[in-house]
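File shown here: my_file-v9.cif, holding mmCIF, C-alpha atoms.
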```cif
data_target
loop_
_atom_site.group_PDB
_atom_site.id
_atom_site.type_symbol
_atom_site.label_atom_id
_atom_site.label_comp_id
_atom_site.auth_asym_id
_atom_site.auth_seq_id
_atom_site.Cartn_x
_atom_site.Cartn_y
_atom_site.Cartn_z
ATOM 1 C CA PRO F 111 84.296 56.721 -42.894
ATOM 2 C CA LEU F 112 84.388 53.920 -45.434
ATOM 3 C CA SER F 113 82.634 50.666 -44.624
ATOM 4 C CA VAL F 114 83.070 47.268 -46.226
ATOM 5 C CA GLU F 115 80.076 44.981 -46.593
ATOM 6 C CA PRO F 116 80.761 41.418 -45.361
ATOM 7 C CA PRO F 117 80.413 38.618 -47.908
ATOM 8 C CA THR F 118 76.950 37.117 -48.121
ATOM 9 C CA THR F 119 78.232 33.545 -48.227
ATOM 10 C CA THR F 120 81.196 32.098 -46.374
ATOM 11 C CA MET F 121 82.988 28.789 -46.191
ATOM 12 C CA ASP F 122 84.965 27.333 -43.382
ATOM 13 C CA SER F 123 87.928 27.228 -45.756
ATOM 14 C CA ASP F 124 88.113 31.027 -45.644
ATOM 15 C CA SER F 125 89.186 31.007 -42.002
ATOM 16 C CA LEU F 126 90.629 27.495 -41.811
ATOM 17 C CA SER F 127 94.269 28.463 -41.261
ATOM 18 C CA TYR F 128 93.449 31.064 -38.605
ATOM 19 C CA MET F 129 91.044 28.803 -36.706
ATOM 20 C CA ALA F 130 93.495 25.878 -36.886
ATOM 21 C CA ASP F 131 96.152 28.034 -35.178
ATOM 22 C CA LEU F 132 93.696 28.938 -32.414
ATOM 23 C CA MET F 133 92.795 25.297 -31.859
ATOM 24 C CA ALA F 134 96.474 24.324 -31.793
ATOM 25 C CA ALA F 135 97.153 26.883 -29.074
ATOM 26 C CA ALA F 136 94.152 25.719 -27.038
ATOM 27 C CA THR F 137 94.365 21.928 -27.453
ATOM 28 C CA GLY F 138 97.802 21.109 -28.841
ATOM 29 C CA THR F 139 96.222 19.446 -31.889
ATOM 30 C CA CYS F 140 97.180 21.093 -35.146
ATOM 31 C CA LEU F 141 97.141 20.701 -38.908
ATOM 32 C CA THR F 142 100.386 20.259 -40.771
ATOM 33 C CA ILE F 143 101.600 22.938 -43.184
ATOM 34 C CA GLU F 144 100.710 20.618 -46.063
ATOM 35 C CA GLN F 145 97.172 20.095 -44.762
ATOM 36 C CA LYS F 146 96.662 23.843 -44.334
ATOM 37 C CA ALA F 147 97.743 24.279 -47.940
ATOM 38 C CA TYR F 148 95.458 21.766 -49.652
ATOM 39 C CA LEU F 149 92.364 21.745 -47.387
ATOM 40 C CA PRO F 150 90.808 25.081 -48.522
ATOM 41 C CA SER F 151 90.773 24.081 -52.191
ATOM 42 C CA SER F 152 89.758 20.520 -51.307
ATOM 43 C CA LEU F 153 86.780 21.776 -49.286
ATOM 44 C CA ALA F 154 85.774 24.005 -52.212
ATOM 45 C CA ILE F 155 85.804 20.963 -54.512
ATOM 46 C CA LEU F 156 83.595 19.049 -52.068
ATOM 47 C CA LYS F 157 81.118 21.940 -51.920
ATOM 48 C CA ASN F 158 80.889 22.307 -55.690
ATOM 49 C CA GLN F 159 80.627 18.571 -56.417
ATOM 50 C CA HIS F 160 77.681 18.022 -54.076
ATOM 51 C CA GLY F 161 75.997 21.429 -54.258
ATOM 52 C CA PHE F 162 76.052 22.064 -50.494
ATOM 53 C CA SER F 163 75.133 25.499 -49.216
ATOM 54 C CA ARG F 164 78.127 25.355 -46.885
ATOM 55 C CA VAL F 165 81.046 23.033 -46.154
ATOM 56 C CA LEU F 166 82.800 22.909 -42.775
ATOM 57 C CA PHE F 167 86.034 21.295 -41.712
ATOM 58 C CA TRP F 168 84.870 19.117 -38.806
ATOM 59 C CA GLY F 169 88.264 18.136 -37.431
ATOM 60 C CA LYS F 170 90.939 15.457 -37.202
ATOM 61 C CA ILE F 171 90.615 11.989 -35.663
ATOM 62 C CA HIS F 172 93.953 10.399 -34.834
ATOM 63 C CA GLY F 173 94.925 6.901 -35.961
ATOM 64 C CA GLN F 174 98.037 4.843 -35.360
ATOM 65 C CA GLN F 175 99.136 4.764 -39.004
ATOM 66 C CA ALA F 176 97.217 7.707 -40.422
ATOM 67 C CA ASP F 177 94.753 10.365 -39.279
ATOM 68 C CA TYR F 178 91.230 11.006 -40.505
ATOM 69 C CA LEU F 179 90.372 14.508 -41.739
ATOM 70 C CA ILE F 180 86.607 15.000 -41.543
ATOM 71 C CA ALA F 181 84.421 17.557 -43.314
ATOM 72 C CA GLN F 182 80.671 18.115 -43.274
ATOM 73 C CA GLY F 183 78.391 19.441 -45.970
ATOM 74 C CA LEU F 184 75.412 21.438 -44.738
ATOM 75 C CA GLY F 185 72.244 22.333 -46.579
ATOM 76 C CA GLN F 186 70.319 20.699 -49.356
ATOM 77 C CA THR F 187 71.724 19.430 -52.613
ATOM 78 C CA GLU F 188 69.862 20.042 -55.846
ATOM 79 C CA THR F 189 68.300 16.569 -55.697
ATOM 80 C CA SER F 190 66.934 17.049 -52.200
ATOM 81 C CA LYS F 191 65.552 20.442 -53.203
ATOM 82 C CA GLN F 192 63.522 18.807 -55.949
ATOM 83 C CA GLU F 193 62.297 16.116 -53.560
ATOM 84 C CA SER F 194 61.288 18.670 -50.935
ATOM 85 C CA SER F 195 59.330 20.706 -53.486
ATOM 86 C CA VAL F 196 57.335 17.592 -54.375
ATOM 87 C CA GLU F 197 56.721 16.686 -50.733
ATOM 88 C CA ALA F 198 55.839 20.226 -49.632
ATOM 89 C CA GLY F 199 52.270 21.284 -48.979
ATOM 90 C CA GLY F 200 49.374 19.970 -46.936
ATOM 91 C CA GLU F 201 48.253 20.694 -43.407
ATOM 92 C CA LEU F 202 49.764 18.759 -40.508
ATOM 93 C CA THR F 203 48.653 18.400 -36.938
ATOM 94 C CA ILE F 204 51.193 19.316 -34.240
ATOM 95 C CA ALA F 205 51.908 15.642 -33.490
ATOM 96 C CA GLU F 206 52.395 14.815 -37.165
ATOM 97 C CA PHE F 207 54.557 17.912 -37.627
ATOM 98 C CA PHE F 208 57.168 16.910 -35.046
ATOM 99 C CA SER F 209 57.116 13.220 -35.999
ATOM 100 C CA SER F 210 57.814 14.181 -39.628
ATOM 101 C CA LEU F 211 60.406 16.828 -38.737
ATOM 102 C CA LYS F 212 63.476 16.248 -40.870
ATOM 103 C CA ASP F 213 66.956 16.257 -39.403
ATOM 104 C CA VAL F 214 69.379 19.071 -40.190
ATOM 105 C CA PRO F 215 70.662 18.345 -43.727
ATOM 106 C CA LYS F 216 74.230 17.271 -43.012
ATOM 107 C CA LYS F 217 76.611 14.724 -44.521
ATOM 108 C CA SER F 218 80.034 13.723 -43.196
ATOM 109 C CA PHE F 219 83.035 12.865 -45.365
ATOM 110 C CA ARG F 220 86.597 11.663 -44.808
ATOM 111 C CA LEU F 221 89.483 12.885 -46.934
ATOM 112 C CA GLY F 222 91.503 10.376 -48.938
ATOM 113 C CA PRO F 223 95.310 10.192 -48.936
ATOM 114 C CA ASP F 224 95.487 12.198 -52.173
ATOM 115 C CA GLY F 225 94.167 15.303 -50.373
ATOM 116 C CA VAL F 226 91.375 15.786 -52.928
ATOM 117 C CA THR F 227 88.995 12.817 -52.866
ATOM 118 C CA TRP F 228 86.268 12.863 -50.209
ATOM 119 C CA THR F 229 84.438 9.659 -49.254
ATOM 120 C CA LEU F 230 80.987 9.750 -47.677
ATOM 121 C CA LEU F 231 80.976 8.161 -44.229
ATOM 122 C CA PRO F 232 78.415 5.407 -43.514
ATOM 123 C CA VAL F 233 75.042 6.472 -42.156
ATOM 124 C CA VAL F 234 74.715 5.792 -38.428
ATOM 125 C CA ASP F 235 71.420 3.930 -38.171
ATOM 126 C CA GLN F 236 70.003 1.595 -35.528
ATOM 127 C CA ALA F 237 71.741 -1.451 -37.026
ATOM 128 C CA LEU F 238 75.170 0.199 -36.957
ATOM 129 C CA THR F 239 74.581 1.556 -33.452
ATOM 130 C CA LYS F 240 73.643 -1.920 -32.197
ATOM 131 C CA ARG F 241 76.705 -3.495 -33.822
ATOM 132 C CA PHE F 242 79.000 -0.821 -32.354
ATOM 133 C CA GLU F 243 77.582 -1.384 -28.871
ATOM 134 C CA GLU F 244 78.048 -5.161 -29.249
ATOM 135 C CA TRP F 245 81.679 -4.636 -30.254
ATOM 136 C CA GLN F 246 82.179 -2.267 -27.310
ATOM 137 C CA HIS F 247 80.718 -4.832 -24.909
ATOM 138 C CA SER F 248 83.119 -7.448 -26.310
ATOM 139 C CA LEU F 249 86.005 -5.119 -25.414
ATOM 140 C CA PHE F 250 84.702 -4.709 -21.874
ATOM 141 C CA ALA F 251 84.468 -8.505 -21.553
ATOM 142 C CA LYS F 252 88.206 -8.675 -22.341
ATOM 143 C CA GLY F 253 89.000 -6.047 -19.695
ATOM 144 C CA ARG F 254 89.669 -3.286 -22.231
ATOM 145 C CA ALA F 255 87.853 0.032 -22.436
ATOM 146 C CA PHE F 256 89.238 1.350 -25.730
ATOM 147 C CA GLU F 257 90.836 0.185 -28.980
ATOM 148 C CA PRO F 258 92.943 2.778 -30.852
ATOM 149 C CA LEU F 259 92.072 3.412 -34.473
ATOM 150 C CA LYS F 260 94.495 1.917 -36.984
ATOM 151 C CA GLY F 261 94.146 4.605 -39.642
ATOM 152 C CA GLU F 262 92.881 2.096 -42.223
ATOM 153 C CA PRO F 263 89.199 2.603 -43.166
ATOM 154 C CA ALA F 264 88.812 -1.001 -44.404
ATOM 155 C CA HIS F 265 90.251 -2.564 -41.245
ATOM 156 C CA LYS F 266 87.842 -5.101 -39.708
ATOM 157 C CA TYR F 267 87.318 -5.533 -35.972
ATOM 158 C CA GLU F 268 86.120 -9.092 -35.507
ATOM 159 C CA PHE F 269 84.174 -10.117 -32.410
ATOM 160 C CA THR F 270 81.527 -12.567 -31.261
ATOM 161 C CA VAL F 271 78.200 -12.148 -29.502
ATOM 162 C CA LYS F 272 76.139 -14.651 -27.574
ATOM 163 C CA ALA F 273 72.943 -15.505 -29.430
ATOM 164 C CA PRO F 274 70.228 -17.837 -28.101
ATOM 165 C CA PRO F 275 69.525 -20.741 -30.470
ATOM 166 C CA ALA F 276 66.095 -21.261 -31.977
ATOM 167 C CA ASP F 277 65.478 -24.465 -30.013
ATOM 168 C CA GLY F 278 66.139 -22.772 -26.652
ATOM 169 C CA GLY F 279 69.396 -24.622 -25.897
ATOM 170 C CA GLU F 280 72.764 -23.195 -24.909
ATOM 171 C CA PRO F 281 73.718 -19.742 -26.293
ATOM 172 C CA VAL F 282 76.015 -19.918 -29.310
ATOM 173 C CA ASP F 283 78.791 -17.546 -30.385
ATOM 174 C CA THR F 284 77.841 -15.558 -33.481
ATOM 175 C CA PRO F 285 80.812 -13.973 -35.329
ATOM 176 C CA LYS F 286 80.426 -10.342 -36.333
ATOM 177 C CA GLU F 287 82.660 -7.563 -37.602
ATOM 178 C CA LEU F 288 82.848 -3.778 -37.518
ATOM 179 C CA LEU F 289 84.701 -1.710 -40.108
ATOM 180 C CA GLU F 290 86.976 1.052 -38.887
ATOM 181 C CA GLU F 291 85.196 3.470 -41.232
ATOM 182 C CA GLU F 292 82.000 2.682 -39.315
ATOM 183 C CA ARG F 293 83.774 3.436 -36.031
ATOM 184 C CA VAL F 294 84.827 6.823 -37.414
ATOM 185 C CA ALA F 295 81.267 7.561 -38.574
ATOM 186 C CA PHE F 296 79.889 6.628 -35.150
ATOM 187 C CA ALA F 297 82.459 8.840 -33.385
ATOM 188 C CA VAL F 298 81.522 11.840 -35.551
ATOM 189 C CA HIS F 299 77.827 11.161 -34.950
ATOM 190 C CA GLU F 300 78.244 10.957 -31.157
ATOM 191 C CA VAL F 301 80.370 14.108 -30.933
ATOM 192 C CA ASP F 302 77.849 16.004 -33.057
ATOM 193 C CA ALA F 303 74.930 14.840 -30.914
ATOM 194 C CA ALA F 304 76.633 16.004 -27.725
ATOM 195 C CA CYS F 305 78.613 19.058 -28.807
ATOM 196 C CA SER F 306 77.185 20.577 -32.009
ATOM 197 C CA VAL F 307 75.550 23.827 -30.848
ATOM 198 C CA VAL F 308 74.459 27.017 -32.583
ATOM 199 C CA PRO F 309 73.321 30.419 -31.258
ATOM 200 C CA LEU F 310 69.596 31.020 -30.940
ATOM 201 C CA GLY F 311 68.147 32.363 -34.192
ATOM 202 C CA ALA F 312 70.994 31.215 -36.464
ATOM 203 C CA TYR F 313 68.737 28.549 -37.993
ATOM 204 C CA VAL F 314 65.033 28.594 -38.752
ATOM 205 C CA LEU F 315 62.395 25.928 -39.350
ATOM 206 C CA LEU F 316 60.521 26.075 -42.656
ATOM 207 C CA SER F 317 56.929 25.001 -43.226
ATOM 208 C CA THR F 318 58.330 21.943 -45.046
ATOM 209 C CA GLN F 319 59.811 20.728 -41.710
ATOM 210 C CA GLN F 320 63.340 21.567 -42.832
ATOM 211 C CA VAL F 321 65.968 23.412 -40.807
ATOM 212 C CA VAL F 322 67.985 25.985 -42.785
ATOM 213 C CA ALA F 323 70.407 28.803 -42.006
ATOM 214 C CA ASN F 324 68.735 32.127 -41.231
ATOM 215 C CA ASP F 325 69.867 34.665 -43.844
ATOM 216 C CA PHE F 326 68.755 37.544 -41.593
ATOM 217 C CA TYR F 327 70.667 36.421 -38.500
ATOM 218 C CA LYS F 328 73.026 39.156 -37.277
ATOM 219 C CA GLY F 329 74.478 37.538 -34.158
ATOM 220 C CA LEU F 330 73.853 37.754 -30.411
ATOM 221 C CA SER F 331 74.379 40.747 -28.217
ATOM 222 C CA VAL F 332 77.014 40.561 -25.481
ATOM 223 C CA ALA F 333 74.319 40.028 -22.841
ATOM 224 C CA GLN F 334 72.641 37.271 -24.872
ATOM 225 C CA GLY F 335 75.965 35.606 -25.618
ATOM 226 C CA LEU F 336 76.599 35.093 -21.906
ATOM 227 C CA LYS F 337 73.357 33.168 -21.372
ATOM 228 C CA LEU F 338 73.246 29.385 -21.715
ATOM 229 C CA GLU F 339 69.688 29.506 -23.051
ATOM 230 C CA SER F 340 70.962 31.445 -26.087
ATOM 231 C CA TYR F 341 72.408 28.244 -27.561
ATOM 232 C CA LEU F 342 70.724 25.167 -29.032
ATOM 233 C CA HIS F 343 71.835 21.730 -30.205
ATOM 234 C CA LEU F 344 72.045 21.494 -34.001
ATOM 235 C CA ARG F 345 70.206 18.180 -34.244
ATOM 236 C CA LYS F 346 66.758 16.687 -34.457
ATOM 237 C CA PRO F 347 64.825 17.222 -31.183
ATOM 238 C CA VAL F 348 64.848 14.291 -28.778
ATOM 239 C CA ARG F 349 62.582 13.622 -25.823
ATOM 240 C CA LEU F 350 64.646 13.180 -22.659
ATOM 241 C CA ALA F 351 63.905 10.415 -20.198
ATOM 242 C CA GLY F 352 61.368 11.475 -17.583
ATOM 243 C CA GLU F 353 59.758 14.170 -19.730
ATOM 244 C CA ALA F 354 56.039 14.050 -20.311
#
```

Output the file's structure as structure tokens, nothing else.
Amino acid sequence: PLSVEPPTTTMDSDSLSYMADLMAAATGTCLTIEQKAYLPSSLAILKNQHGFSRVLFWGKIHGQQADYLIAQGLGQTETSKQESSVEAGGELTIAEFFSSLKDVPKKSFRLGPDGVTWTLLPVVDQALTKRFEEWQHSLFAKGRAFEPLKGEPAHKYEFTVKAPPADGGEPVDTPKELLEEERVAFAVHEVDAACSVVPLGAYVLLSTQQVVANDFYKGLSVAQGLKLESYLHLRKPVRLAGEA
């Protein structure tokens, strides 16, 4: 019998329409016919422009006036490859190895209204996380648990936080603001941290402390696929509270 070799490289755009139909049946959330038409070519443009090894359609985040279509580029770009080659080499102790372990190379983008232009989402660092939590606490203080997204990336959510003065007097209200684009970036970051999982063996760790896709991975057996321990979070390792 004839056999057909599977392609060595794949993109999420290859199966986007089929997977979108499955998600629509399971969750009720679907892509429009127009979005199904332009997303595959748009994802290919994103991949070629930035030199990612793979580009995935992350999903849709609903807004009141417009929705956000999110994609993620995985793997190293040419620039980061050059940087890693310079940084590679040298012996590390176990403690130094894990402290210097790099996160999975991944960048998140939102699609513009033209269906072609992708904009890099802000990096979720400690400063952004702190500002998001302050804004969330300001909502709770008003008796609200959630604020719907507007669908405008430049929309500003203005709030105030209590800050102690330098002379130790009464706390003063300090005005702050949070962009909606930052809210979207934080939402993607939190969902990834909690839900982004991969089967055991699909990714490997290089001696340069970089996580890359395993070219020799052939999938899990049926027995392995039914075990919870066969799946790992696709993120930098974190030490849970209470662990030694």

Nearest-residue call for Leu310 of chain F, choices F:Arg254, F:His343, F:Lys272, F:Lys286, using all atoms listed in the file: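 The shortest atom-to-atom distance to Leu310 of chain F comes from F:His343.
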
Would you kindly return, as a PyMOL selection string, each protein, DNA or RNA residue with an atom no farther than 12 Å from any atom of segment 220-223 of chain F, considering only C-alpha atoms and excluding same-chain residues fewer than 5 positions away? chain F and resi 145+148-149+152-153+155-156+167-171+175-183+228-232+261-263+291-292+294-295+298

Interatomic distance between atom CA of Arg345 of chain F and atom CA of Ala303 of chain F? 6.7 Å

Find, counting only C-alpha atoms, the residue in F:Val307, F:Lys217, F:Glu280, F:Ala312 that gets nearest to Gly329 of chain F.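 Result for the nearest residue to Gly329 of chain F: F:Ala312.
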
Just want the 12 Å neighbourhood of Leu342 of chain F, counted on all atoms listed in the file, with same-chain residues fewer than 4 positions away dropped. Output as a PyMOL selection string. chain F and resi 303-314+337-338+346-347

When you draw a straight line from atom CA of Leu238 of chain F to atom CA of Phe162 of chain F, how long is it in Å?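 So the answer is 25.7 Å.
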
Protein and nucleic acid residues near (81.5, -5.7, -27.4) (cut-off 12 Å, only C-alpha atoms) as a list of chain:residue names: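 Selection result: F:Thr239, F:Lys240, F:Arg241, F:Phe242, F:Glu243, F:Glu244, F:Trp245, F:Gln246, F:His247, F:Ser248, F:Leu249, F:Phe250, F:Ala251, F:Lys252, F:Gly253, F:Arg254, F:Ala255, F:Phe256, F:Glu257, F:Tyr267, F:Glu268, F:Phe269, F:Thr270, F:Val271, F:Lys272, F:Pro285, F:Lys286, F:Glu287, F:Leu288.
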
Determine the nearest neighbour of His172 of chain F from the options F:Leu330, F:Ala323, F:Val348, F:Ala297, counting all atoms listed in the file.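 When distances to His172 of chain F are compared using all atoms listed in the file, the smallest one comes from F:Ala297.
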
d(atom CA of Ser218 of chain F, atom CA of Ala264 of chain F) in Å: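 Atom CA of Ala264 of chain F lies at a distance of 17.2 Å from atom CA of Ser218 of chain F.
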
Nearest-residue call for Asp224 of chain F, choices F:Glu144, F:Leu344, F:Gln174, F:Phe296, using all atoms listed in the file: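 Result for the nearest residue to Asp224 of chain F: F:Glu144.
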